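The structure appears below as structure tokens.
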Amino acid sequence: MKQKITGVLIALLFLFAYVSFTPDSSLYDDYTKWQQYGGGPDQSRYFKGSQITKKNVNKLQVAWVYPTTDSVPNFFSPIVVDTIMYVMAKNYSLVAINALTGKEIWIHANLQGLTRRGINYWESKDRKDRRLLFTLNNSLQAIDALTGKSILTFGTDGYVDMREGLDREVASIRRIQPMMPGVVYDNLIIMGSAPGEGYFSPPGHVRAYNVVTGKQEWIFHTIPHPGEFGYETWPKDAYKYVGAVNVWSEISVDVKRGIAYLPLGSPTYDYYGADRLGSNLFGNSLVALDARTGKRLWHFQTVHHDLWDYDLASAPQLITVKHKGKRIDAVAAATKHGFMFVFDRVTGEPIFPIEEKPFPTSEMPGEQAWPTQPIPTVVSSFTRHEVTKETLNPYYSQAEKDKWHKRIAAAKSGLYIPPSDKYETIAVPGALGGVNFGNTAADPTKGMVYILAQEYPSVYKLEKIKAPTEMMSKDDVLKAKTLYASTCKSCHGENMTGAGIAPSIVNAGQRMGIDDFKGLLAAGRGQMPGFAHIQEEQVTAIYRFLGGNPAMRVGFGRKNDSSKMPEGPVVASGGAKVNPDARVVAPMSDYPEDVEHPQDRYTTDYGTFWPGLLNPKWSRVMAYDLNTGTVKWEHTIGEDTLALNKETKNLGTPGGAQRKGMVVTSNGVLFCTAKGGKLYAFDSDKGKLLWETTLSHESNAQPMMYEIKGKQYLVVNATSNFGRDGINHAKKPGALPRGYVVYALPDKK
């Protein structure tokens, strides 16, 4: 399924491009700055510094903490420019603080709906124009990095409507802004999206905008239009109704060559594809684009006609390897389903052989699973792919084991087993398994790629769904009650009247729009965790169950109307004021009238209630030497009440790598976070544990590093709550406040 132009032609094209145009690389190429989500445009999380070494890393101590002074568990990863650090705090405010002391410089308040995981920085060559770029409630906006005020010359009155130009009615698009901040390259910001994963979600076309004007400079149709490459891999009208095929994670850029590498996700609907027969380019593909024009250079599809939600969800890592006596600039993509794919960065040729191997057909009506899938043959998988009675969690009670023995006997498990409505399919890894966002890093010069991996099964079973209706059916009521019982009841009580700190949610649907409700469930708020993998139909059902009317929608343009300002140097509030008439009127809910389509639709939940279904090891950090294609070392990570048992230590922990991240240093130290508030330092060459500590709050964000006057600092966002299976370290004596924890070596006396 891979197509490419010849390596010679590509090489000539890039030689010409590099000679005729070289971007300002001062922001990118020395690995001494952390001005983008993954450090720089290559997302390597690699930092070049000399102070922290393998010998002294165990002397790290807390230098200072910036408290967020709220109860919001945020996933925000700071960036640092000169001596200014930018963070999210104080109830969805963007705050600039002094990176040496934590003292506040300015606060732009009330940015509820801000990009969940981070922002981007850009500066002009003369440094007179410095701006922060971010998305807010489906708009792209810019703030002056020095003053904190909105730049109203950006886009139209200070914003760009990201719903425009996506082949759908603008008023039908409920969500499109990405969870990640995109990537800055030269004068462009290249943006992915998070359009949702239900039927008729918007397409995830990738776009680049001018950082000064906000003008869209190019668009890459991830679901090809008529006449475009890959169009024939879909039904002829699929681009009119299929959604997703989006980059919801991290885009990596080879700055010197001007190539952007897109890790693309699966098409909708994730688990049933009778309305999208074909291999479905560019779904589940690593795509190399000319970063200046958006033109495709090469691609490789890691899953054909995906039926398992096996998005490419982590940053492609740009490395240089020694292979067959040559030095090759390569790109490596680790996947949710446990494989590492490695390619020549310029030509797209695999560094190690990949074979198309046959897999089972689908038994679902109208479905046609692709007969083969690509499997790396030299680079070993980093997860298992089957659950059996023998691999069941040995720490389950006997009653639980007996129950699962029966379920496993009646189910099917194995790699690429298509979902069915006749039996359960147990997928390993599942929707949250393998390598996910934030879970890759690299030492670019040594050919080393580091991953955080977890074996997290999903249990699927398809069921037929009916066309949407405004009235609740018995089935809708059952879905709502089931969802409430599994996710809400333990806190909000049997009758929804609340308990302890959990408020009453009786008729809560009448107090907010459907879009705000869906955002609340996805992201969480206060002590309430987010539930990102709840099926769209279930969310709508429970919204109705709580008294809401899905027809009453307020989407794009909503602002936090709170007049309460945080304490401190507030300079602005709410971002650019968007058009108040921009409303989500009626999300697309059926096929266009002129399109042939299957009569039935099927759906399943994500089946992610059993992260510890397999026996350990559940989660670990691993080092791949991609000069040879081998795993150099691995070490378990994470802590919960099960992992603290003396019999289960050093086995990792279920879900231990989810939402975690790494920093790799030039001095051979690998930092990583893990479940339970764990922060580790490993010898990046040998895997030896050098230092560990436990944070007072869980970290669900990418750690980062910076240096000022020769002193290195490691920053960890520790603002999330510990799960029910964890130890609440926030209640221990001497616990630090919820906030950004900054570590450094003690000053010499």
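Ligands are numbered from 1 in the order shown, chains are lettered A, B, ... in the order of the structure tokens, and residues start at 1 in each chain.
The neighbours of Pro587 of chain A here are the residues that come within 9 Å of it, using only C-alpha atoms and leaving out any residue fewer than 4 positions away in the same chain; they are Glu169, Ala171, Ser172, Ile173, Arg174, Phe200 and Ser201 of chain A.
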Quiz prompt | All residues 10 Å or closer to Gly230 of chain A, only C-alpha atoms, same chain fewer than 3 positions away omitted, as a PyMOL selection string | solution = chain A and resi 1+3+222-227+233-234+279-282
Selection file, N, CA, C and O atoms, as a PDB file, in the first residue's frame:
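The new file result-v4.pdb reads:
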```pdb
ATOM      1  N   MET A   1       0.817  -1.207   0.000  1.00  0.00           N
ATOM      2  CA  MET A   1       0.000   0.000   0.000  1.00  0.00           C
ATOM      3  C   MET A   1       0.856   1.264   0.000  1.00  0.00           C
ATOM      4  O   MET A   1       0.358   2.369   0.093  1.00  0.00           O
ATOM      5  N   GLN A   3       3.196   4.082  -1.571  1.00  0.00           N
ATOM      6  CA  GLN A   3       3.533   4.676  -2.849  1.00  0.00           C
ATOM      7  C   GLN A   3       4.569   5.756  -2.592  1.00  0.00           C
ATOM      8  O   GLN A   3       4.554   6.448  -1.592  1.00  0.00           O
ATOM      9  N   THR A 222      -6.597  14.222   4.137  1.00  0.00           N
ATOM     10  CA  THR A 222      -6.285  12.892   4.659  1.00  0.00           C
ATOM     11  C   THR A 222      -7.278  11.850   4.162  1.00  0.00           C
ATOM     12  O   THR A 222      -6.971  10.656   4.149  1.00  0.00           O
ATOM     13  N   ILE A 223      -8.475  12.284   3.799  1.00  0.00           N
ATOM     14  CA  ILE A 223      -9.438  11.452   3.070  1.00  0.00           C
ATOM     15  C   ILE A 223      -9.493  12.051   1.667  1.00  0.00           C
ATOM     16  O   ILE A 223     -10.082  13.115   1.465  1.00  0.00           O
ATOM     17  N   PRO A 224      -8.857  11.424   0.691  1.00  0.00           N
ATOM     18  CA  PRO A 224      -8.655  12.070  -0.612  1.00  0.00           C
ATOM     19  C   PRO A 224      -9.951  12.429  -1.322  1.00  0.00           C
ATOM     20  O   PRO A 224     -10.962  11.731  -1.222  1.00  0.00           O
ATOM     21  N   HIS A 225      -9.885  13.541  -2.054  1.00  0.00           N
ATOM     22  CA  HIS A 225     -10.977  13.989  -2.904  1.00  0.00           C
ATOM     23  C   HIS A 225     -10.839  13.357  -4.296  1.00  0.00           C
ATOM     24  O   HIS A 225      -9.785  12.819  -4.645  1.00  0.00           O
ATOM     25  N   PRO A 226     -11.892  13.420  -5.103  1.00  0.00           N
ATOM     26  CA  PRO A 226     -11.794  12.877  -6.462  1.00  0.00           C
ATOM     27  C   PRO A 226     -10.587  13.438  -7.210  1.00  0.00           C
ATOM     28  O   PRO A 226     -10.326  14.640  -7.178  1.00  0.00           O
ATOM     29  N   GLY A 227      -9.847  12.558  -7.849  1.00  0.00           N
ATOM     30  CA  GLY A 227      -8.667  12.956  -8.603  1.00  0.00           C
ATOM     31  C   GLY A 227      -7.390  12.975  -7.801  1.00  0.00           C
ATOM     32  O   GLY A 227      -6.301  13.084  -8.379  1.00  0.00           O
ATOM     33  N   THR A 233      -8.969   4.104  -2.995  1.00  0.00           N
ATOM     34  CA  THR A 233      -8.939   3.162  -1.868  1.00  0.00           C
ATOM     35  C   THR A 233     -10.175   3.288  -0.984  1.00  0.00           C
ATOM     36  O   THR A 233     -10.234   2.672   0.093  1.00  0.00           O
ATOM     37  N   TRP A 234     -11.144   4.087  -1.418  1.00  0.00           N
ATOM     38  CA  TRP A 234     -12.404   4.293  -0.707  1.00  0.00           C
ATOM     39  C   TRP A 234     -13.575   4.094  -1.664  1.00  0.00           C
ATOM     40  O   TRP A 234     -13.396   4.157  -2.890  1.00  0.00           O
ATOM     41  N   SER A 279      -8.809  -0.093   1.391  1.00  0.00           N
ATOM     42  CA  SER A 279      -7.704   0.006   2.347  1.00  0.00           C
ATOM     43  C   SER A 279      -7.728   1.316   3.114  1.00  0.00           C
ATOM     44  O   SER A 279      -7.128   1.435   4.184  1.00  0.00           O
ATOM     45  N   ASN A 280      -8.404   2.355   2.560  1.00  0.00           N
ATOM     46  CA  ASN A 280      -8.672   3.605   3.289  1.00  0.00           C
ATOM     47  C   ASN A 280      -7.430   4.456   3.544  1.00  0.00           C
ATOM     48  O   ASN A 280      -7.119   4.822   4.683  1.00  0.00           O
ATOM     49  N   LEU A 281      -6.708   4.804   2.487  1.00  0.00           N
ATOM     50  CA  LEU A 281      -5.652   5.798   2.632  1.00  0.00           C
ATOM     51  C   LEU A 281      -6.266   7.175   2.902  1.00  0.00           C
ATOM     52  O   LEU A 281      -7.300   7.510   2.321  1.00  0.00           O
ATOM     53  N   PHE A 282      -5.700   7.950   3.818  1.00  0.00           N
ATOM     54  CA  PHE A 282      -4.415   7.742   4.476  1.00  0.00           C
ATOM     55  C   PHE A 282      -4.629   7.367   5.948  1.00  0.00           C
ATOM     56  O   PHE A 282      -3.846   7.754   6.830  1.00  0.00           O
TER      57      PHE A 282
END
```
Quiz item: Taking only C-alpha atoms into account, which of A:Asn615, A:Asn284, A:Thr388, A:Thr147 comes nearest Leu651 of chain A?
Solution: A:Asn615
Quiz item: Could you name the residues that touch segment 705-708 of chain A at 8 Å or less, counting only C-alpha atoms, but leaving out those on the same chain fewer than 3 positions away, as a ChimeraX atom specification?
Solution: /A:32-34,47,49,80,82-83,100,663,711-715
What would the file look like if the residues just selected were written as a CSV table (one decimal), in the first residue's frame with N, CA, C and O atoms?
```
chain,number,residue,atom,x,y,z
A,32,THR,N,19.0,22.8,23.0
A,32,THR,CA,19.2,23.5,24.3
A,32,THR,C,18.0,24.3,24.7
A,32,THR,O,18.0,25.0,25.7
A,33,LYS,N,16.9,24.2,23.9
A,33,LYS,CA,15.7,25.0,24.2
A,33,LYS,C,14.5,24.0,24.3
A,33,LYS,O,14.6,22.9,23.7
A,34,TRP,N,13.5,24.5,24.9
A,34,TRP,CA,12.2,23.7,25.0
A,34,TRP,C,11.1,24.6,24.7
A,34,TRP,O,10.4,25.1,25.6
A,47,PHE,N,17.4,16.7,25.2
A,47,PHE,CA,17.9,18.0,25.7
A,47,PHE,C,19.4,17.9,25.8
A,47,PHE,O,19.9,16.9,26.4
A,49,GLY,N,22.6,19.2,27.6
A,49,GLY,CA,23.1,19.9,28.7
A,49,GLY,C,24.2,19.1,29.4
A,49,GLY,O,24.2,17.9,29.3
A,80,VAL,N,9.5,27.1,27.7
A,80,VAL,CA,10.3,28.1,28.3
A,80,VAL,C,11.0,28.9,27.1
A,80,VAL,O,11.5,28.3,26.2
A,82,ASP,N,13.7,32.1,26.8
A,82,ASP,CA,14.6,32.9,27.6
A,82,ASP,C,14.4,32.6,29.1
A,82,ASP,O,14.7,31.5,29.5
A,83,THR,N,13.9,33.5,29.9
A,83,THR,CA,13.7,33.2,31.3
A,83,THR,C,12.2,33.2,31.6
A,83,THR,O,11.8,33.4,32.8
A,100,LEU,N,13.1,31.3,36.8
A,100,LEU,CA,14.1,31.1,37.9
A,100,LEU,C,13.5,31.1,39.2
A,100,LEU,O,14.0,30.4,40.2
A,663,VAL,N,12.0,12.7,29.1
A,663,VAL,CA,13.0,13.6,28.6
A,663,VAL,C,14.3,12.8,28.5
A,663,VAL,O,14.7,12.1,29.5
A,711,LYS,N,22.6,26.2,34.6
A,711,LYS,CA,21.9,25.4,35.6
A,711,LYS,C,20.7,24.7,34.9
A,711,LYS,O,19.9,25.4,34.2
A,712,GLN,N,20.6,23.4,35.0
A,712,GLN,CA,19.5,22.7,34.4
A,712,GLN,C,18.3,22.5,35.3
A,712,GLN,O,18.5,22.2,36.5
A,713,TYR,N,17.1,22.6,34.7
A,713,TYR,CA,15.9,22.4,35.5
A,713,TYR,C,15.0,21.4,34.8
A,713,TYR,O,14.9,21.4,33.6
A,714,LEU,N,14.4,20.5,35.6
A,714,LEU,CA,13.4,19.6,35.1
A,714,LEU,C,12.1,20.0,35.7
A,714,LEU,O,12.0,20.2,36.9
A,715,VAL,N,11.1,20.1,34.8
A,715,VAL,CA,9.7,20.5,35.2
A,715,VAL,C,8.7,19.4,35.0
A,715,VAL,O,8.7,18.8,33.9
```
Self-check item: Atomic distance atom CA of Ser413 of chain A - atom CA of Ile426 of chain A, expressed in Å with one decimal
Solution: 4.8 Å
Quiz prompt | Shell of 8 Å around Gly652 of chain A, only C-alpha atoms, local chain residues under 6 positions omitted, as an MDAnalysis selection string | solution = chainID A and resid 616:620 636:639 643
Quiz item: Got a sec: who's within 9 Å of segment 317-329 of chain A, counting only C-alpha atoms, leaving out chain neighbours fewer than 5 positions off, as an NGL selection string?
Solution: :A and (42-44 or 252-254 or 334 or 343-346 or 351 or 440-449 or 625-628)
Please write the residues from the selection above to a file, keeping C-alpha atoms, as an mmCIF file, in the first residue's frame.
```
data_model
loop_
_atom_site.group_PDB
_atom_site.id
_atom_site.type_symbol
_atom_site.label_atom_id
_atom_site.label_comp_id
_atom_site.auth_asym_id
_atom_site.auth_seq_id
_atom_site.Cartn_x
_atom_site.Cartn_y
_atom_site.Cartn_z
ATOM 1 C CA ASP A 42 11.295 16.904 15.813
ATOM 2 C CA GLN A 43 9.415 16.019 19.066
ATOM 3 C CA SER A 44 12.467 14.053 20.265
ATOM 4 C CA SER A 252 7.333 15.790 13.761
ATOM 5 C CA VAL A 253 9.336 17.992 11.389
ATOM 6 C CA ASP A 254 12.764 17.504 9.826
ATOM 7 C CA ALA A 334 5.851 3.019 17.316
ATOM 8 C CA PHE A 343 11.951 3.957 7.316
ATOM 9 C CA ASP A 344 14.491 5.948 5.366
ATOM 10 C CA ARG A 345 13.446 9.484 6.194
ATOM 11 C CA VAL A 346 13.723 10.744 2.606
ATOM 12 C CA ILE A 351 15.134 0.007 6.976
ATOM 13 C CA THR A 440 8.147 8.117 22.424
ATOM 14 C CA ALA A 441 11.486 9.925 22.684
ATOM 15 C CA ALA A 442 14.894 9.597 21.046
ATOM 16 C CA ASP A 443 18.593 10.219 21.154
ATOM 17 C CA PRO A 444 18.681 11.373 17.512
ATOM 18 C CA THR A 445 22.418 10.891 16.944
ATOM 19 C CA LYS A 446 22.691 7.369 18.404
ATOM 20 C CA GLY A 447 19.768 5.736 16.620
ATOM 21 C CA MET A 448 18.047 5.085 19.952
ATOM 22 C CA VAL A 449 14.273 5.336 20.392
ATOM 23 C CA ASP A 625 18.571 0.270 19.295
ATOM 24 C CA LEU A 626 17.465 0.861 15.710
ATOM 25 C CA ASN A 627 20.940 0.432 14.339
ATOM 26 C CA THR A 628 20.303 -3.268 14.853
#
```
Quiz item: Looking at A:Gly165, A:Pro358, A:Gly687, A:Gly214, which one is nearest to Pro202 of chain A, with distances taken over only C-alpha atoms?
Solution: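 Comparing A:Gly165, A:Pro358, A:Gly687, A:Gly214 against Pro202 of chain A, the winner is A:Gly165.
In this model, the gap between atom CA of Ile189 of chain A and atom CA of Ile97 of chain A comes to 24.2 Å.
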Self-check item: Who sits within 12 Å of Asp290 of chain A, only C-alpha atoms, same chain under 2 positions skipped, as a PyMOL selection string
Solution: chain A and resi 10+13-14+17-18+185+190+208+218-220+253-262+287-288+292-298+346
Would you save the residues from that selection as a short mmCIF file (atom, residue, chain, number, x, y, z; two decimals), in the first residue's frame, using C-alpha atoms?
```cif
data_model
loop_
_atom_site.label_atom_id
_atom_site.label_comp_id
_atom_site.auth_asym_id
_atom_site.auth_seq_id
_atom_site.Cartn_x
_atom_site.Cartn_y
_atom_site.Cartn_z
CA ILE A 10 13.29 13.26 -3.90
CA LEU A 13 14.17 18.11 -4.92
CA PHE A 14 15.33 18.46 -1.33
CA ALA A 17 14.95 23.25 -1.63
CA TYR A 18 17.63 23.30 1.03
CA TYR A 185 7.94 25.34 11.27
CA ILE A 190 0.86 22.93 11.15
CA ALA A 208 -0.91 24.90 7.86
CA TRP A 218 -2.12 24.65 2.58
CA ILE A 219 -4.36 21.69 3.32
CA PHE A 220 -3.64 17.98 2.97
CA VAL A 253 9.34 17.99 11.39
CA ASP A 254 12.76 17.50 9.83
CA VAL A 255 13.62 21.21 9.77
CA LYS A 256 16.66 21.04 7.50
CA ARG A 257 14.82 19.08 4.81
CA GLY A 258 11.45 20.72 5.34
CA ILE A 259 9.56 17.43 5.79
CA ALA A 260 6.61 17.02 8.13
CA TYR A 261 5.79 13.49 9.32
CA LEU A 262 2.12 12.88 10.09
CA VAL A 287 2.76 10.34 5.75
CA ALA A 288 5.73 12.51 4.79
CA ARG A 292 6.06 24.28 3.02
CA THR A 293 3.42 23.13 0.53
CA GLY A 294 1.58 20.18 2.06
CA LYS A 295 2.42 17.96 -0.92
CA ARG A 296 2.72 14.23 -0.22
CA LEU A 297 6.22 12.82 -0.64
CA TRP A 298 5.69 9.25 0.54
CA VAL A 346 13.72 10.74 2.61
#
```
Quiz prompt | Pick from A:Leu614, A:Ala681, A:Met704, A:Val184 nearest to Lys54 of chain A, counting only C-alpha atoms | solution = A:Ala681
